[in-house]
Each structure stands twice: as C-alpha cells, then as structure tokens.
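Encoded as structure tokens, the structure appears first; notes follow it.
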Amino acid sequence: GYVYGEKKTFDHPYLQAMGMMAGECLCMVAFFVMTRIFKKGLPTDKQIEANRDFSATILLPAALFDLFGTSMNYVGMILSYPSSFQMLRGSVIVFTAGLSIVFLKRWPKVYQWVGIVVIIGGLCIVGAGDMIFQEEKEKTCPEIIASTTTAVASTTTAVASTTAAAATTTAQAVTTVIVDRLGYNSSYGGFNSSYDGLFADDITTTTTGAPTTTVCVEEESKLGSNPLLGDVIIVAGEVFHALQFIWEEYYLGRYDLPPLKVVGYEGLFGFCTISVLLWPMYFIKVGDTFGLGPEFRFEDAIDGLTQFGMSGAILGWTLGNMFSIACFNFAGVSVTKSLNGTTRAVLDNIRQIFIWAFSLIVGWQSFNFMTPIGFVVLILGIWLYNDVILRPMFYKFILKKPLPVDD
C-alpha cells in the first residue's frame, strides 16, 4: 500500500488472522466437494452412530482459542521476525504437556521431559539472539519541499485564502500553508491518510534556486521493532493453542469426526468472530507500540482494506496465504492418514528452515549466529518429545535392542 506518496508496510495482524480463518473455512468446502461430488470419505454406519449427539458448538471454544492464539502470533511476528515466529511456535509442546497434566491427568514420559527441557533451552537461545542482535531500524523520512519566491507566496496565499499568509513571503509561511492544505495533524505526528495529494491546479510553483524548507513525515515498519516483546507475545499465544489442543482431545475423543470437517467448523466460527470484533477494535486507540494504521488503532481494518485495493501484491499474498492454510491442513491430514503423525511433525519442522532462509534472502532480518543454534536445539527437543529419530537411533545403533513400546 501507499501513503504520502511513499510505500507503507502492511501491518494488520487481525486482518491476517481473519484471512487464516477464511483459509480454514476452505477445508469445509474441500470436505463437501470430496463427500458430495467425489463420494469419498462418506461416513460409515459406525461413525454416524458415534456422532449422533455431536453439536458443532462444541468446537466454538477451540475456534476462539485458535483465533486468540493466532492473533497474538501475528502481533508478535510483526514486532519480531517471521523465522522467530515459526521457531517459537514449538513452545506449544511445553504448554500442551503442562495442561495435559492439569486437565487430562496425563504425565509425560521420561524422554518427553527431556525433550521439554531441550525445547525450553532452544526458546531461550532464540529469544536471547533476538534481544542481543536487535537491529537498528533505518529511518527513512519522506520530505515535502517548499521552494519559495514571491510568485509562490502569492499563489499559495490565493489557495489558502488567508490574509496573514498574504503578507508573508518567507519559506516558513509557504510551508505552513502547504502543511495546512495537506491536513497535518500534530497530535498524530503525520498527515491525514484521507488526503490524496496536491493537485497541479491548486498550487503552481516556480523554482529559481530560492531557499527551501522541509517537513519530515516518518513512516516506519513495525517488523523487528521490538523482537524481545514480540517473542514473548508469540510464546504467550501458544498457550491458547495448547488450550485448543487439550479441548479438542478431551471432547473430540468422544466422536469420530473427519479432520477436514473439524478444521472447517473452527474456521467458520473464528471468521465470524473476528469479523464482528474488527468493528469495535477500529475505535480503540492503543498507542504506537501496538497501534495499527495511521492513527494507532487496535486494528485499522479500513486502512488494511484500502491497502488491499491499492496493492495487488498485498491482496495476492493474502489470498495465497488463505489457500496455503487450506492446503497445509489438507496435506497434514493426508500425511497423517497415509503415513503417520511423526512424519508430519518432521516435515512441519523442516519448513522452518525454508522460512528462515527466505527471511534472510528478502531482507526481512539479518543473520545472527544464535538463530540457527536455537533452531537446531528446538528441533532436537521436538524430536525427543515426539520420539522421532534420536531415541530410535540410540536404541538401534548404540544399545542394539528394540525400542520399548512404552516406558
């Protein structure tokens, strides 16, 4: 999107969360296409009997947990970096294990405790790296230059229709008139976003090498502006995702529901909820750190939708994210069904490597050596917890005996 004639970043995490929920809704579309058109995955008599007393409202709390967690993740990602966002999402294992003890009375096995400790170590390394190597944001300041002569002063005076300006021929007076014409609001430190620019027939200028005066308008990207705070928010958001997993396990264990249908219901509930919440969020101003849009609102949906309309790239990326969410969930379900959940977990971890590499290539963040170290430690912890690769290889090649079925 654009503002004041300069490029402006798309910092709208709650609109992004709504897009993610819309992507989950597509899973419901995929479910109906498979069952109604291709006649695949139709429920058996046993499933129909098991799901007889099922109500979709059971999934509403899970959808809200998912929505809150995802929104916090996106807010944290804006303040931190995309690669840190992906890596820190691994903390959900720690919270899920803890909540399983409280609500499901299920204690982790010994190797899972080891994995949890290693994961916490990896999280600390990633967070410390973001704090120590926090990047200095380059400040780019678009300038509005008012070149002044007697002709310029008289022309701008006619536009402003002020007798005070008519008597003034200094560069400062011309700048004041132009700033007023732009709609400068000192309380926000910027120009009104509704202004479309100076028209050629409003003000004519004649430059003859006269002195210039500039007005500076700062428009910084929030990406990487506070990595440590962003990391904390991302990890806090994973508490809600852990609550979502515990809720689903506790209640959905009673039924035999198609995973695509579950994801579709949660997406539908989440999409409707955030669509309603965007209205009051527009009227709440929260300051510079968390404020969005030119007036630092909780969420400036109008600014975000305007950027959609003004930038095909932003709209394209958003639609692409929606379809990727649908494909990711569909592929995850297929991998789990055809292979196993372990394979899905490994593949999910590998994608973090590509996200981190892409962030470096496009310049979203700079390289610091603690990020790959933390990433490796996180992956090792996740593999330990899920009993993938490390423990099986230890039993096979070191102990030379079969892996115990249960500890």
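Here, A, B, ... name the chains of the structure tokens in the order displayed, residue numbers run from 1 inside each chain, and ligands are numbered from 1 in the same displayed order.
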
Do you know which residues are at most 6 Å from range 11-16 of chain A counting only C-alpha atoms, after dropping those on the same chain fewer than 5 positions away, and could you put them as a PyMOL selection string? chain A and resi 71+74-75

Export all heavy atoms of the chosen residues as a PDB file, in the first residue's frame?
```pdb
ATOM      1  N   SER A  71      -3.933 -14.592  16.510  1.00  0.00           N
ATOM      2  CA  SER A  71      -3.832 -13.125  16.517  1.00  0.00           C
ATOM      3  C   SER A  71      -2.598 -12.678  17.292  1.00  0.00           C
ATOM      4  O   SER A  71      -1.850 -11.797  16.836  1.00  0.00           O
ATOM      5  CB  SER A  71      -5.099 -12.514  17.134  1.00  0.00           C
ATOM      6  OG  SER A  71      -6.241 -12.832  16.365  1.00  0.00           O
ATOM      7  N   TYR A  74       0.531 -13.337  15.227  1.00  0.00           N
ATOM      8  CA  TYR A  74       0.756 -12.359  14.163  1.00  0.00           C
ATOM      9  C   TYR A  74       1.223 -11.016  14.709  1.00  0.00           C
ATOM     10  O   TYR A  74       2.061 -10.339  14.101  1.00  0.00           O
ATOM     11  CB  TYR A  74      -0.514 -12.182  13.332  1.00  0.00           C
ATOM     12  CG  TYR A  74      -0.762 -13.306  12.351  1.00  0.00           C
ATOM     13  CD1 TYR A  74      -2.052 -13.709  12.030  1.00  0.00           C
ATOM     14  CD2 TYR A  74       0.281 -13.958  11.729  1.00  0.00           C
ATOM     15  CE1 TYR A  74      -2.299 -14.740  11.133  1.00  0.00           C
ATOM     16  CE2 TYR A  74       0.064 -14.989  10.828  1.00  0.00           C
ATOM     17  CZ  TYR A  74      -1.224 -15.372  10.537  1.00  0.00           C
ATOM     18  OH  TYR A  74      -1.443 -16.388   9.645  1.00  0.00           O
ATOM     19  N   VAL A  75       0.682 -10.597  15.872  1.00  0.00           N
ATOM     20  CA  VAL A  75       1.156  -9.367  16.504  1.00  0.00           C
ATOM     21  C   VAL A  75       2.628  -9.519  16.881  1.00  0.00           C
ATOM     22  O   VAL A  75       3.448  -8.625  16.627  1.00  0.00           O
ATOM     23  CB  VAL A  75       0.308  -9.032  17.749  1.00  0.00           C
ATOM     24  CG1 VAL A  75       0.941  -7.877  18.529  1.00  0.00           C
ATOM     25  CG2 VAL A  75      -1.115  -8.655  17.347  1.00  0.00           C
TER      26      VAL A  75
END
```

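For Gly127 in chain A, the set of protein, DNA and RNA residues having any atom at most 7 Å away, when counting only C-alpha atoms and skipping those fewer than 4 positions along the same chain, is A:Leu123, A:Met131, A:Leu228, A:Asp231.
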
Just the selected residues (all heavy atoms), exported as an mmCIF file, in the first residue's frame, please.
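Final file, result12.cif:
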```cif
data_model
loop_
_atom_site.group_PDB
_atom_site.id
_atom_site.type_symbol
_atom_site.label_atom_id
_atom_site.label_comp_id
_atom_site.auth_asym_id
_atom_site.auth_seq_id
_atom_site.Cartn_x
_atom_site.Cartn_y
_atom_site.Cartn_z
ATOM 1 N N LEU A 123 14.247 -22.222 23.014
ATOM 2 C CA LEU A 123 13.468 -20.984 23.057
ATOM 3 C C LEU A 123 14.283 -19.850 23.666
ATOM 4 O O LEU A 123 14.251 -18.710 23.186
ATOM 5 C CB LEU A 123 12.189 -21.201 23.866
ATOM 6 C CG LEU A 123 11.158 -22.185 23.298
ATOM 7 C CD1 LEU A 123 10.015 -22.382 24.284
ATOM 8 C CD2 LEU A 123 10.619 -21.696 21.961
ATOM 9 N N MET A 131 17.227 -10.496 21.194
ATOM 10 C CA MET A 131 17.444 -9.361 22.083
ATOM 11 C C MET A 131 18.850 -8.780 21.894
ATOM 12 O O MET A 131 19.025 -7.566 21.805
ATOM 13 C CB MET A 131 17.251 -9.794 23.533
ATOM 14 C CG MET A 131 17.448 -8.678 24.547
ATOM 15 S SD MET A 131 17.093 -9.213 26.235
ATOM 16 C CE MET A 131 18.356 -10.492 26.451
ATOM 17 N N LEU A 228 12.210 -8.778 21.360
ATOM 18 C CA LEU A 228 12.012 -9.495 22.620
ATOM 19 C C LEU A 228 10.541 -9.488 23.017
ATOM 20 O O LEU A 228 9.987 -10.534 23.394
ATOM 21 C CB LEU A 228 12.864 -8.872 23.726
ATOM 22 C CG LEU A 228 12.788 -9.575 25.093
ATOM 23 C CD1 LEU A 228 13.223 -11.032 24.971
ATOM 24 C CD2 LEU A 228 13.630 -8.842 26.127
ATOM 25 N N ASP A 231 8.689 -11.820 20.748
ATOM 26 C CA ASP A 231 8.904 -13.225 21.095
ATOM 27 C C ASP A 231 8.034 -13.636 22.285
ATOM 28 O O ASP A 231 7.468 -14.736 22.305
ATOM 29 C CB ASP A 231 10.376 -13.469 21.429
ATOM 30 C CG ASP A 231 11.282 -13.343 20.205
ATOM 31 O OD1 ASP A 231 10.743 -13.300 19.076
ATOM 32 O OD2 ASP A 231 12.508 -13.275 20.369
#
```

Can you tell me which residues surround range 245-254 of chain A at a distance of at most 12 Å, considering only C-alpha atoms, apart from same-chain residues fewer than 2 positions away, and format the answer as number ranges by chain? A: 47, 49-66, 69, 92-93, 95-106, 238-243, 256-259, 262-263, 266

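Relative to CA of Gly316 in chain A, CA of Met28 in chain A is found at 22.0 Å.
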